[in-house]
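Student: Input data08.cif, format and content: mmCIF, C-alpha atoms and all ligand atoms.
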data_run
#
loop_
_atom_site.label_atom_id
_atom_site.label_comp_id
_atom_site.auth_asym_id
_atom_site.auth_seq_id
_atom_site.Cartn_x
_atom_site.Cartn_y
_atom_site.Cartn_z
CA MET A 262 0.00 0.00 0.00
CA THR A 263 1.44 3.41 -1.00
CA ASP A 264 0.49 6.62 0.76
CA PHE A 265 -0.27 8.57 -2.42
CA PHE A 266 -4.04 8.57 -1.90
CA ALA A 267 -3.79 8.52 1.90
CA GLY A 268 -7.01 9.66 3.54
CA ILE A 269 -9.15 9.25 0.42
CA ALA A 270 -11.91 6.70 0.91
CA PRO A 271 -13.49 4.65 -1.89
CA VAL A 272 -16.02 6.74 -3.83
CA THR A 273 -19.51 5.36 -3.42
CA PHE A 274 -22.99 6.24 -4.64
CA ASN A 275 -24.51 8.82 -2.32
CA PRO A 276 -26.81 11.38 -3.91
CA ASP A 277 -27.11 13.21 -0.58
CA ALA A 278 -23.39 13.57 0.08
CA PRO A 279 -22.30 17.03 1.26
CA ALA A 280 -21.01 19.28 -1.52
CA ASP A 281 -17.34 18.98 -0.54
CA GLU A 282 -17.39 15.17 -0.32
CA LEU A 283 -16.17 12.86 -3.10
CA ALA A 284 -19.19 10.74 -4.03
CA TYR A 285 -21.12 9.47 -7.01
CA ARG A 286 -24.31 11.46 -7.10
CA HIS A 287 -25.60 9.88 -10.33
CA TYR A 288 -23.40 6.88 -11.16
CA ASN A 289 -24.94 3.94 -9.37
CA ALA A 290 -23.19 0.86 -10.79
CA ASP A 291 -25.99 -1.58 -9.93
CA GLU A 292 -28.93 0.56 -10.97
CA VAL A 293 -30.71 -0.96 -13.94
CA ILE A 294 -31.26 1.40 -16.87
CA ALA A 295 -32.98 0.12 -20.01
CA GLY A 296 -32.57 -3.48 -18.88
CA LYS A 297 -28.88 -3.35 -17.99
CA ARG A 298 -26.78 -2.35 -14.98
CA MET A 299 -25.23 1.08 -15.34
CA GLU A 300 -21.76 -0.38 -14.93
CA ASP A 301 -22.41 -2.78 -17.82
CA HIS A 302 -23.74 0.00 -20.05
CA LEU A 303 -20.93 2.47 -19.46
CA ARG A 304 -17.95 0.14 -18.99
CA PHE A 305 -15.70 2.91 -17.65
CA ALA A 306 -11.94 2.76 -18.14
CA VAL A 307 -9.10 4.88 -16.75
CA ALA A 308 -6.34 5.88 -19.22
CA TRP A 309 -2.89 5.16 -17.77
CA TRP A 310 -1.09 7.77 -19.88
CA HIS A 311 -2.96 10.86 -18.71
CA SER A 312 -3.37 9.92 -15.06
CA PHE A 313 0.00 8.37 -14.30
CA ALA A 314 2.52 9.13 -17.06
CA TRP A 315 1.80 12.73 -18.11
CA PRO A 316 4.00 15.19 -16.16
CA GLY A 317 1.78 18.27 -16.56
CA GLY A 318 3.74 19.97 -19.33
CA ASP A 319 2.51 22.28 -22.06
CA PRO A 320 4.34 23.95 -24.99
CA PHE A 321 5.51 26.76 -22.68
CA GLY A 322 6.53 24.89 -19.57
CA GLY A 323 7.54 21.47 -18.36
CA GLN A 324 6.57 19.23 -15.51
CA THR A 325 4.21 20.58 -12.88
CA PHE A 326 3.26 17.30 -11.19
CA GLU A 327 5.63 15.76 -8.68
CA ARG A 328 4.81 12.09 -8.56
CA PRO A 329 6.98 9.70 -6.56
CA TRP A 330 6.97 7.22 -9.47
CA PHE A 331 8.38 9.54 -12.15
CA GLY A 332 11.61 8.11 -13.57
CA GLU A 333 12.73 5.33 -15.87
CA THR A 334 13.36 2.34 -13.62
CA MET A 335 11.48 -0.89 -13.12
CA GLU A 336 11.05 -0.17 -9.44
CA LEU A 337 9.32 3.12 -10.24
CA ALA A 338 7.20 1.42 -12.93
CA ARG A 339 5.96 -1.00 -10.26
CA LEU A 340 5.28 1.86 -7.85
CA LYS A 341 3.28 3.59 -10.60
CA ALA A 342 1.26 0.40 -11.07
CA ASP A 343 0.64 0.13 -7.32
CA VAL A 344 -0.72 3.68 -7.22
CA ALA A 345 -2.80 3.12 -10.36
CA PHE A 346 -4.50 0.08 -8.88
CA GLU A 347 -5.10 1.97 -5.65
CA MET A 348 -6.91 4.60 -7.67
CA PHE A 349 -8.92 1.89 -9.43
CA ALA A 350 -9.94 0.55 -6.02
CA ILE A 351 -11.06 4.03 -4.93
CA LEU A 352 -13.06 4.66 -8.10
CA GLY A 353 -14.37 1.12 -8.58
CA GLN A 354 -14.41 1.52 -12.37
CA PRO A 355 -14.21 -1.87 -14.09
CA TYR A 356 -11.53 -1.22 -16.77
CA TYR A 357 -8.29 0.54 -17.62
CA CYS A 358 -6.14 1.07 -20.76
CA TRP A 359 -2.41 1.47 -21.49
CA HIS A 360 0.25 2.19 -24.10
CA ASP A 361 3.41 0.11 -23.72
CA ALA A 362 5.42 3.28 -23.06
CA ASP A 363 3.12 4.32 -20.19
CA ILE A 364 3.77 1.25 -18.13
CA ARG A 365 7.41 0.25 -18.73
CA PRO A 366 10.72 2.14 -18.87
CA GLU A 367 12.27 2.40 -22.32
CA GLY A 368 15.31 0.13 -22.61
CA ALA A 369 18.57 0.81 -24.44
CA THR A 370 17.62 -1.82 -27.03
CA PHE A 371 14.41 -3.31 -28.38
CA ALA A 372 15.12 -6.48 -26.42
CA GLU A 373 15.53 -4.58 -23.15
CA SER A 374 12.30 -2.62 -23.67
CA LYS A 375 10.57 -5.91 -24.39
CA ARG A 376 11.91 -7.51 -21.21
CA ASN A 377 10.79 -4.51 -19.14
CA PHE A 378 7.38 -4.61 -20.78
CA GLU A 379 6.84 -8.32 -20.24
CA GLU A 380 7.86 -8.07 -16.61
CA ILE A 381 5.37 -5.24 -16.01
CA ILE A 382 2.64 -7.08 -17.90
CA ASP A 383 3.04 -10.00 -15.48
CA TYR A 384 2.94 -7.57 -12.57
CA LEU A 385 -0.27 -6.02 -13.92
CA GLY A 386 -1.73 -9.46 -14.50
CA THR A 387 -1.29 -10.37 -10.84
CA LYS A 388 -2.85 -7.10 -9.72
CA MET A 389 -5.78 -7.46 -12.13
CA GLU A 390 -6.48 -10.91 -10.82
CA ALA A 391 -6.31 -9.79 -7.20
CA GLN A 392 -8.51 -6.76 -7.69
CA GLY A 393 -10.78 -7.71 -10.59
CA THR A 394 -10.00 -4.64 -12.72
CA LYS A 395 -9.99 -5.58 -16.40
CA LEU A 396 -8.16 -4.32 -19.49
CA LEU A 397 -10.48 -2.53 -21.93
CA TRP A 398 -7.66 -2.14 -24.45
CA GLY A 399 -3.95 -2.05 -24.95
CA THR A 400 -2.10 -0.04 -27.57
CA ALA A 401 1.43 0.76 -28.72
CA ASN A 402 2.94 4.21 -28.41
CA LEU A 403 4.33 4.68 -31.92
CA PHE A 404 4.59 8.46 -31.72
CA SER A 405 6.62 9.74 -28.72
CA HIS A 406 10.12 8.39 -29.38
CA ARG A 407 12.15 10.32 -31.98
CA ARG A 408 12.42 7.22 -34.19
CA PHE A 409 8.72 7.75 -35.00
CA MET A 410 9.01 11.42 -35.90
CA SER A 411 8.21 10.71 -39.58
CA GLY A 412 5.54 8.13 -38.81
CA ALA A 413 5.39 4.47 -37.80
CA ALA A 414 3.77 2.22 -40.45
CA THR A 415 3.79 5.16 -42.87
CA ASN A 416 7.46 6.06 -42.30
CA PRO A 417 9.58 6.56 -45.44
CA ASP A 418 12.12 4.25 -43.77
CA PRO A 419 11.08 0.55 -43.88
CA ASP A 420 13.18 -0.10 -40.76
CA VAL A 421 10.71 1.98 -38.75
CA PHE A 422 7.86 -0.01 -40.33
CA ALA A 423 9.55 -3.19 -39.08
CA TRP A 424 10.17 -1.73 -35.60
CA SER A 425 6.51 -0.73 -35.43
CA ALA A 426 5.42 -4.23 -36.48
CA ALA A 427 7.56 -5.76 -33.74
CA THR A 428 6.14 -3.33 -31.17
CA VAL A 429 2.51 -3.92 -32.13
CA ARG A 430 3.11 -7.65 -32.08
CA ASN A 431 4.33 -7.46 -28.46
CA CYS A 432 1.49 -5.16 -27.43
CA LEU A 433 -1.11 -7.41 -29.05
CA ASP A 434 0.44 -10.46 -27.33
CA ALA A 435 0.31 -8.65 -23.99
CA THR A 436 -3.27 -7.45 -24.50
CA HIS A 437 -4.25 -11.03 -25.32
CA LYS A 438 -2.40 -12.37 -22.28
CA LEU A 439 -4.20 -9.94 -19.94
CA GLY A 440 -7.60 -10.79 -21.44
CA GLY A 441 -7.96 -7.33 -23.00
CA GLU A 442 -11.26 -6.83 -24.80
CA ASN A 443 -9.93 -4.65 -27.64
CA TYR A 444 -6.71 -3.55 -29.26
CA VAL A 445 -6.47 0.09 -30.40
CA LEU A 446 -4.43 1.68 -33.17
CA TRP A 447 -4.35 5.45 -33.09
CA GLY A 448 -2.28 6.79 -35.98
CA GLY A 449 -0.18 9.07 -33.81
CA ARG A 450 2.18 10.29 -36.51
CA GLU A 451 0.60 8.48 -39.47
CA GLY A 452 0.25 11.59 -41.58
CA TYR A 453 2.49 14.31 -42.91
CA GLU A 454 3.81 17.78 -42.26
CA THR A 455 4.41 18.82 -45.88
CA LEU A 456 3.52 17.35 -49.25
CA LEU A 457 6.86 18.63 -50.53
CA ASN A 458 8.57 15.53 -49.16
CA THR A 459 5.66 13.08 -48.96
CA ASP A 460 4.50 10.25 -51.24
CA LEU A 461 0.84 9.88 -50.23
CA ALA A 462 0.11 6.78 -52.31
CA GLN A 463 3.18 4.96 -50.98
CA GLU A 464 2.35 5.80 -47.34
CA ARG A 465 -1.28 4.73 -47.80
CA ALA A 466 -0.16 1.35 -49.18
CA GLN A 467 2.16 0.88 -46.19
CA ALA A 468 -0.62 1.70 -43.71
CA GLY A 469 -3.01 -0.69 -45.45
CA ARG A 470 -0.57 -3.60 -45.47
CA PHE A 471 0.37 -2.94 -41.85
CA LEU A 472 -3.24 -3.12 -40.71
CA GLN A 473 -3.81 -6.31 -42.72
CA MET A 474 -0.83 -7.89 -40.94
CA VAL A 475 -2.18 -6.84 -37.54
CA VAL A 476 -5.53 -8.46 -38.33
CA GLU A 477 -3.84 -11.62 -39.65
CA TYR A 478 -1.76 -11.83 -36.47
CA LYS A 479 -4.79 -11.31 -34.25
CA HIS A 480 -6.40 -14.39 -35.80
CA LYS A 481 -3.17 -16.37 -35.63
CA ILE A 482 -2.88 -15.94 -31.86
CA GLY A 483 -6.62 -16.38 -31.30
CA PHE A 484 -7.26 -12.90 -29.92
CA LYS A 485 -11.04 -12.59 -29.79
CA GLY A 486 -11.21 -8.87 -28.97
CA ALA A 487 -11.88 -6.14 -31.51
CA ILE A 488 -9.21 -4.26 -33.45
CA LEU A 489 -10.12 -0.58 -33.22
CA ILE A 490 -8.86 2.41 -35.19
CA GLU A 491 -9.10 5.79 -33.50
CA PRO A 492 -9.62 8.60 -36.02
CA LYS A 493 -8.15 12.08 -35.56
CA PRO A 494 -7.78 14.76 -38.24
CA GLN A 495 -4.60 16.53 -37.13
CA GLU A 496 -2.20 16.89 -34.21
CA PRO A 497 0.53 15.85 -33.90
CA THR A 498 0.97 15.86 -37.70
CA LYS A 499 -0.50 18.63 -39.81
CA HIS A 500 -2.63 16.14 -41.73
CA GLN A 501 -3.43 12.73 -40.24
CA TYR A 502 -4.56 9.97 -42.59
CA ASP A 503 -7.25 8.62 -40.23
CA TYR A 504 -9.12 11.91 -40.46
CA ASP A 505 -12.59 10.82 -39.31
CA VAL A 506 -14.90 7.80 -39.32
CA ALA A 507 -15.94 8.18 -42.96
CA THR A 508 -12.34 8.53 -44.13
CA VAL A 509 -11.23 5.47 -42.17
CA TYR A 510 -14.13 3.47 -43.59
CA SER A 511 -13.03 4.10 -47.16
CA PHE A 512 -9.51 3.08 -46.16
CA LEU A 513 -10.82 -0.14 -44.60
CA LYS A 514 -12.86 -0.89 -47.75
CA GLU A 515 -9.81 -0.39 -49.95
CA PHE A 516 -7.82 -2.93 -47.95
CA GLY A 517 -10.69 -5.38 -47.38
CA LEU A 518 -10.81 -4.81 -43.63
CA GLU A 519 -14.27 -3.28 -43.12
CA THR A 520 -15.59 -6.38 -41.35
CA GLU A 521 -12.43 -6.83 -39.26
CA VAL A 522 -11.85 -3.39 -37.79
CA GLN A 523 -14.11 -1.06 -35.81
CA MET A 524 -13.84 2.50 -34.53
CA ASN A 525 -12.72 3.96 -31.24
CA ILE A 526 -14.31 7.41 -31.41
CA GLU A 527 -13.05 10.29 -29.30
CA GLN A 528 -15.15 13.36 -28.50
CA GLY A 529 -12.25 15.81 -28.89
CA HIS A 530 -11.08 14.27 -32.16
CA ALA A 531 -14.59 14.54 -33.60
CA ILE A 532 -14.63 18.24 -32.72
CA LEU A 533 -11.21 18.76 -34.35
CA ALA A 534 -12.58 17.13 -37.52
CA GLY A 535 -15.41 19.67 -37.60
CA HIS A 536 -18.01 17.13 -36.50
CA SER A 537 -20.01 16.58 -33.37
CA PHE A 538 -19.30 13.48 -31.28
CA GLU A 539 -22.77 12.14 -32.03
CA HIS A 540 -22.20 12.59 -35.76
CA GLU A 541 -19.14 10.34 -35.62
CA LEU A 542 -20.98 7.78 -33.49
CA ALA A 543 -24.00 7.74 -35.78
CA MET A 544 -21.75 7.44 -38.84
CA ALA A 545 -19.86 4.47 -37.37
CA SER A 546 -23.12 2.82 -36.44
CA ALA A 547 -24.57 3.39 -39.93
CA LEU A 548 -21.45 1.83 -41.46
CA GLY A 549 -21.49 -1.11 -39.02
CA ILE A 550 -18.11 -0.26 -37.50
CA PHE A 551 -18.98 1.21 -34.10
CA GLY A 552 -16.70 -0.12 -31.36
CA SER A 553 -15.77 2.02 -28.38
CA ILE A 554 -15.42 5.61 -27.19
CA ASP A 555 -12.71 7.84 -25.77
CA MET A 556 -14.67 10.24 -23.59
CA ASN A 557 -13.33 13.74 -23.04
CA ARG A 558 -13.94 17.27 -24.29
CA ASN A 559 -12.00 20.00 -26.00
CA ASP A 560 -11.96 23.62 -25.07
CA TYR A 561 -14.21 25.08 -27.73
CA GLN A 562 -12.17 28.26 -28.10
CA SER A 563 -8.65 26.89 -28.30
CA GLY A 564 -8.96 24.66 -31.40
CA TRP A 565 -6.60 21.98 -30.15
CA ASP A 566 -6.83 18.66 -28.40
CA THR A 567 -7.10 19.69 -24.73
CA ASP A 568 -8.27 16.25 -23.50
CA GLN A 569 -10.35 17.62 -20.63
CA PHE A 570 -12.68 15.56 -18.52
CA PRO A 571 -16.25 15.71 -19.83
CA ASN A 572 -18.59 18.08 -17.99
CA ASN A 573 -21.40 18.73 -20.42
CA VAL A 574 -24.44 16.54 -19.74
CA PRO A 575 -26.45 17.49 -22.86
CA GLU A 576 -23.47 16.51 -25.05
CA ALA A 577 -23.03 13.22 -23.18
CA ALA A 578 -26.76 12.51 -23.52
CA LEU A 579 -26.67 12.87 -27.31
CA ALA A 580 -23.56 10.69 -27.47
CA TYR A 581 -25.03 7.88 -25.35
CA TYR A 582 -28.26 8.18 -27.34
CA GLU A 583 -26.27 7.07 -30.39
CA VAL A 584 -24.45 4.40 -28.38
CA LEU A 585 -27.77 2.96 -27.18
CA LYS A 586 -29.27 3.15 -30.67
CA ALA A 587 -26.24 1.24 -31.94
CA GLY A 588 -27.18 -1.51 -29.45
CA GLY A 589 -24.76 -0.41 -26.73
CA PHE A 590 -21.18 -1.51 -26.25
CA THR A 591 -20.16 -5.10 -26.91
CA THR A 592 -16.39 -5.24 -26.47
CA GLY A 593 -16.12 -1.43 -26.22
CA GLY A 594 -16.57 0.96 -23.33
CA THR A 595 -16.11 4.52 -22.08
CA ASN A 596 -12.39 5.26 -21.75
CA PHE A 597 -11.56 8.58 -20.11
CA ASP A 598 -8.89 9.82 -22.50
CA ALA A 599 -8.70 12.96 -20.34
CA LYS A 600 -6.09 14.67 -18.26
CA LEU A 601 -6.07 17.08 -15.35
CA ARG A 602 -5.30 20.73 -15.94
CA ARG A 603 -1.62 21.28 -15.12
CA GLN A 604 -2.45 23.32 -12.02
CA SER A 605 -4.50 20.45 -10.54
CA LEU A 606 -1.64 19.04 -8.53
CA ASP A 607 -3.32 17.09 -5.78
CA PRO A 608 -4.08 13.36 -5.66
CA LYS A 609 -7.63 14.35 -4.80
CA ASP A 610 -7.90 16.17 -8.16
CA LEU A 611 -7.37 12.87 -9.98
CA ILE A 612 -10.19 11.22 -8.08
CA ALA A 613 -12.55 14.19 -8.36
CA ALA A 614 -11.93 14.45 -12.12
CA HIS A 615 -12.86 10.82 -12.73
CA ALA A 616 -15.76 10.73 -10.27
CA GLY A 617 -17.26 13.89 -11.76
CA ALA A 618 -16.82 12.57 -15.29
CA MET A 619 -18.49 9.29 -14.37
CA ASP A 620 -21.44 11.27 -12.99
CA VAL A 621 -21.68 13.32 -16.20
CA CYS A 622 -21.74 10.11 -18.25
CA ALA A 623 -24.29 8.52 -15.91
CA ARG A 624 -26.59 11.51 -16.30
CA GLY A 625 -26.09 11.41 -20.06
CA LEU A 626 -26.89 7.70 -20.17
CA LYS A 627 -30.03 8.11 -18.07
CA ALA A 628 -31.27 10.98 -20.26
CA ALA A 629 -30.51 9.00 -23.41
CA ALA A 630 -32.33 5.92 -22.15
CA ALA A 631 -35.34 8.02 -21.15
CA MET A 632 -35.48 9.68 -24.58
CA LEU A 633 -35.28 6.34 -26.31
CA GLU A 634 -37.98 4.89 -24.11
CA ASP A 635 -40.22 7.88 -24.68
CA GLY A 636 -39.64 7.45 -28.39
CA GLY A 637 -40.30 11.09 -29.28
CA LEU A 638 -37.28 11.55 -31.52
CA GLU A 639 -37.67 8.21 -33.24
CA ALA A 640 -41.34 8.88 -33.96
CA VAL A 641 -40.53 12.23 -35.58
CA ARG A 642 -37.66 10.73 -37.53
CA LYS A 643 -39.84 7.90 -38.77
CA ALA A 644 -42.63 10.27 -39.81
CA ARG A 645 -40.13 12.45 -41.67
CA TYR A 646 -39.14 9.56 -43.96
CA VAL A 647 -42.60 7.96 -44.26
CA GLY A 648 -42.83 8.86 -47.97
CA TRP A 649 -40.13 6.29 -48.64
CA GLN A 650 -42.60 3.58 -47.64
CA ARG A 651 -44.55 4.24 -50.86
CA PRO A 652 -44.00 1.26 -53.19
CA GLU A 653 -42.84 3.38 -56.14
CA ALA A 654 -40.31 5.19 -53.90
CA GLN A 655 -38.96 1.86 -52.69
CA GLY A 656 -38.66 0.80 -56.32
CA TRP A 657 -36.60 3.91 -57.04
CA LEU A 658 -34.04 2.76 -54.49
CA ARG A 659 -33.96 -0.79 -55.84
CA SER A 660 -33.86 -0.85 -59.59
CA ALA A 661 -35.40 2.15 -61.34
CA THR A 662 -33.56 4.14 -63.99
CA LEU A 663 -33.09 7.88 -63.87
CA GLU A 664 -35.75 8.28 -66.61
CA GLU A 665 -38.28 6.13 -64.73
CA VAL A 666 -37.88 8.21 -61.59
CA ALA A 667 -38.18 11.37 -63.70
CA SER A 668 -41.36 10.30 -65.50
CA PRO A 669 -44.02 11.10 -62.79
CA VAL A 670 -42.45 14.55 -62.45
CA GLU A 671 -42.64 15.10 -66.19
CA ALA A 672 -46.25 13.86 -66.22
CA GLY A 673 -47.15 16.53 -63.65
CA GLN A 674 -48.02 13.94 -60.99
CA ILE A 675 -45.42 15.14 -58.48
CA ASP A 676 -45.12 18.61 -56.97
CA PRO A 677 -42.99 18.49 -53.77
CA GLN A 678 -44.38 20.45 -50.83
CA PRO A 679 -41.72 21.62 -48.29
CA ARG A 680 -42.39 20.63 -44.69
CA SER A 681 -40.89 21.97 -41.49
CA GLY A 682 -37.88 20.14 -40.09
CA GLY A 683 -39.08 21.20 -36.62
CA GLN A 684 -35.56 21.55 -35.22
CA GLU A 685 -36.39 23.92 -32.38
CA ILE A 686 -39.29 21.76 -31.22
CA LEU A 687 -36.92 18.79 -31.12
CA GLU A 688 -34.28 20.77 -29.25
CA ASN A 689 -36.94 21.75 -26.71
CA TYR A 690 -37.86 18.08 -26.46
CA VAL A 691 -34.28 17.02 -25.75
CA ASN A 692 -33.98 19.75 -23.12
CA ARG A 693 -36.78 18.14 -21.13
CA PHE A 694 -34.57 15.08 -20.56
CA VAL A 695 -31.18 16.64 -19.78
C1 LIG B 1 -4.33 11.05 -28.78
C2 LIG B 1 -5.17 9.95 -28.27
C3 LIG B 1 -4.45 8.73 -27.80
C4 LIG B 1 -5.15 7.46 -28.16
C5 LIG B 1 -4.35 6.23 -27.84
O1 LIG B 1 -5.03 12.16 -29.17
O2 LIG B 1 -6.37 10.08 -28.20
O3 LIG B 1 -4.30 8.82 -26.43
O4 LIG B 1 -6.38 7.37 -27.51
O5 LIG B 1 -3.12 6.21 -28.46
CO CO B 2 -7.88 8.81 -27.55
#
Represent the supplied structure as structure tokens.
Tutor:
Amino acid sequence: MTDFFAGIAPVTFNPDAPADELAYRHYNADEVIAGKRMEDHLRFAVAWWHSFAWPGGDPFGGQTFERPWFGETMELARLKADVAFEMFAILGQPYYCWHDADIRPEGATFAESKRNFEEIIDYLGTKMEAQGTKLLWGTANLFSHRRFMSGAATNPDPDVFAWSAATVRNCLDATHKLGGENYVLWGGREGYETLLNTDLAQERAQAGRFLQMVVEYKHKIGFKGAILIEPKPQEPTKHQYDYDVATVYSFLKEFGLETEVQMNIEQGHAILAGHSFEHELAMASALGIFGSIDMNRNDYQSGWDTDQFPNNVPEAALAYYEVLKAGGFTTGGTNFDAKLRRQSLDPKDLIAAHAGAMDVCARGLKAAAAMLEDGGLEAVRKARYVGWQRPEAQGWLRSATLEEVASPVEAGQIDPQPRSGGQEILENYVNRFV
């Protein structure tokens, strides 16, 4: 037992807790919403990188956090794991996620990094078994080290491609070993800074082959979890290839992977792409590739990826509405890809950030379930498209030619009458639930 969270008791459901007390006021793990326990709907995960590895830096200043586990030794890596699992015990969330680089010190050689990693994986395995916390997903950090500065799978240098393959192989093995439910690939530096030195077609072919190999390997080792791609339009590179859900889908189609790979959709990345979170979720669901979510928010003024904890219930409600409509999570869940502000130094800040975010999501889920049960939005949506039930309209979608569809118009039988989209009425409706 470390003393990092000394004096902080496990957070429990208590809607009447005094204002200054850490408690769940809305997240009640066992409460049944729309036929399922809240815990099983939301499937919360803590992200190792933001909570335990990030030192609090920004482009103008370095480390602000002083954590006793900062440093590149195995002993400190184990201390970091001890503290992480103590936080999991306090929060009681069922899952967590890691990058290899978050949990192990970098070695001088690939082999040394691998040894460090495998040792920590065993350490985590023992802790997971003792405590019951599960791995939502593992992933490889193919973007921080300088060797990845020009990309990983899309690097102009095939040696980096090979290094990346070896790293993903180890991370997939480890995820499998720990019973992880998904494996994520976020294209950290899979993009470019300038076209002046970039061969787009070549890099696209490399990325496609790399992903095919990952999928082949997953089947070879019998990993039953989902392979997830996490889209993001820019940052760190100027232009990232996995721009948004629709872009990734066309990439998957090109390489024959659309039934093998699903999406991990992040709120802040959706905003950067000029979409809403719910747009990206609905798009993934429509394309049959919805997998999991990275829950956070961006600062709406700054225009960059601030990875803040969510605090907007109406936004969360619209997101979970799409999650529920997609049938809910199967292997996926709600990973808090969110970090403290760099002035939030105290251990208590880490707990408060997660507990508050879990409450925001719980309120969003409850509102979403109530809207779905009420059926108001679905009824309006259905009525809006009712004309497509007409047999001739259905025929137009199946087999008609352009001239056949044109003919009733030319015969004067069709004269479209505009109808209200009713947006404000629907916004008022949603407001009643949030
Ligand atoms: C970066 C990001 C990553 C991925 C995992 O913006 O979201 O943390 O979630 O590599
Ligand atoms: Co993310």
Student: Could you check which residues have any atom within 12 Å of (-24.6, 3.8, -1.6), counting only C-alpha atoms with coordinates taken straight from the file, and then list them as a ChimeraX atom specification?
Tutor: /A:271-278,284-292
Student: Would you pick out the contacts of A:Leu461 at 12 Å or less, using all atoms listed in the file, so that residues sharing its chain but fewer than 3 positions from it are not included, and give the list as a ChimeraX atom specification?
Tutor: /A:415-417,451-458,464-468,500-502
Student: Residues of chain A within 8 Å of ligand LIG 1 (chain B): nearest atom pair and distance (Å, one decimal) for each, counting only C-alpha atoms and all ligand atoms, sorted by chain and number, as a tab-separated table?
Tutor:
residue	atom	partner	partner_atom	distance
A:Trp310	CA	B:LIG1	O3	7.4
A:His360	CA	B:LIG1	O5	6.8
A:Thr400	CA	B:LIG1	O5	6.4
A:Ala401	CA	B:LIG1	O5	7.1
A:Asn402	CA	B:LIG1	O5	6.4
A:Val445	CA	B:LIG1	C5	7.0
A:Leu446	CA	B:LIG1	O5	6.7
A:Trp447	CA	B:LIG1	O5	4.9
A:Gly448	CA	B:LIG1	O5	7.6
A:Gly449	CA	B:LIG1	O5	6.7
A:Glu491	CA	B:LIG1	O4	6.8
A:Lys493	CA	B:LIG1	O1	7.1
A:Glu496	CA	B:LIG1	O1	7.5
A:Glu527	CA	B:LIG1	O2	6.8
A:His530	CA	B:LIG1	O1	7.1
A:Asp555	CA	B:LIG1	O4	6.6
A:Asp566	CA	B:LIG1	O1	6.8
A:Asp568	CA	B:LIG1	O1	7.7
A:Asp598	CA	B:LIG1	O4	6.1
Student: Hey, can you check how far atom CA of A:Met348 sits from atom CA of A:Leu611?
Tutor: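 We find that atom CA of A:Met348 and atom CA of A:Leu611 lie 8.6 Å from each other.
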Student: Quick one: residues within 9 Å of A:Asn431, only C-alpha atoms, excluding same-chain residues fewer than 2 positions away - as a PyMOL selection string?
Tutor: chain A and resi 361+375+378-379+401+426-429+433-436
Student: For the atom pair atom CA of A:Ile482 and atom CA of A:Gly469, what is the interatomic distance in Å to one decimal place?
Tutor: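 Between atom CA of A:Ile482 and atom CA of A:Gly469 the gap works out to 20.4 Å.
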Student: Which one of A:Pro329, A:Gly552, A:Pro419, A:Gly529 sits closest to ligand CO 2 (chain B) if you count all atoms listed in the file?
Tutor: A:Gly529
Student: Can you spit out stretch 464-474 of chain A with N, CA and C atoms, as a PDB file, in the first residue's frame, from the structure just given?
Tutor:
ATOM      1  N   GLU A 464       2.608   5.880 -48.792  1.00  0.00           N
ATOM      2  CA  GLU A 464       2.345   5.796 -47.344  1.00  0.00           C
ATOM      3  C   GLU A 464       1.002   5.104 -47.080  1.00  0.00           C
ATOM      4  N   ARG A 465       0.030   5.366 -47.946  1.00  0.00           N
ATOM      5  CA  ARG A 465      -1.276   4.725 -47.803  1.00  0.00           C
ATOM      6  C   ARG A 465      -1.149   3.203 -47.975  1.00  0.00           C
ATOM      7  N   ALA A 466      -0.361   2.796 -48.951  1.00  0.00           N
ATOM      8  CA  ALA A 466      -0.162   1.355 -49.181  1.00  0.00           C
ATOM      9  C   ALA A 466       0.521   0.719 -47.969  1.00  0.00           C
ATOM     10  N   GLN A 467       1.478   1.413 -47.387  1.00  0.00           N
ATOM     11  CA  GLN A 467       2.164   0.883 -46.193  1.00  0.00           C
ATOM     12  C   GLN A 467       1.174   0.719 -45.034  1.00  0.00           C
ATOM     13  N   ALA A 468       0.334   1.753 -44.823  1.00  0.00           N
ATOM     14  CA  ALA A 468      -0.622   1.698 -43.709  1.00  0.00           C
ATOM     15  C   ALA A 468      -1.613   0.561 -43.909  1.00  0.00           C
ATOM     16  N   GLY A 469      -2.040   0.362 -45.159  1.00  0.00           N
ATOM     17  CA  GLY A 469      -3.011  -0.694 -45.451  1.00  0.00           C
ATOM     18  C   GLY A 469      -2.430  -2.074 -45.191  1.00  0.00           C
ATOM     19  N   ARG A 470      -1.205  -2.282 -45.668  1.00  0.00           N
ATOM     20  CA  ARG A 470      -0.574  -3.599 -45.467  1.00  0.00           C
ATOM     21  C   ARG A 470      -0.311  -3.857 -43.982  1.00  0.00           C
ATOM     22  N   PHE A 471       0.089  -2.806 -43.281  1.00  0.00           N
ATOM     23  CA  PHE A 471       0.374  -2.943 -41.850  1.00  0.00           C
ATOM     24  C   PHE A 471      -0.881  -3.416 -41.109  1.00  0.00           C
ATOM     25  N   LEU A 472      -1.998  -2.773 -41.407  1.00  0.00           N
ATOM     26  CA  LEU A 472      -3.235  -3.123 -40.707  1.00  0.00           C
ATOM     27  C   LEU A 472      -3.675  -4.544 -41.072  1.00  0.00           C
ATOM     28  N   GLN A 473      -3.489  -4.927 -42.336  1.00  0.00           N
ATOM     29  CA  GLN A 473      -3.809  -6.311 -42.720  1.00  0.00           C
ATOM     30  C   GLN A 473      -2.976  -7.295 -41.899  1.00  0.00           C
ATOM     31  N   MET A 474      -1.698  -6.978 -41.707  1.00  0.00           N
ATOM     32  CA  MET A 474      -0.835  -7.886 -40.942  1.00  0.00           C
ATOM     33  C   MET A 474      -1.281  -7.982 -39.485  1.00  0.00           C
TER      34      MET A 474
END
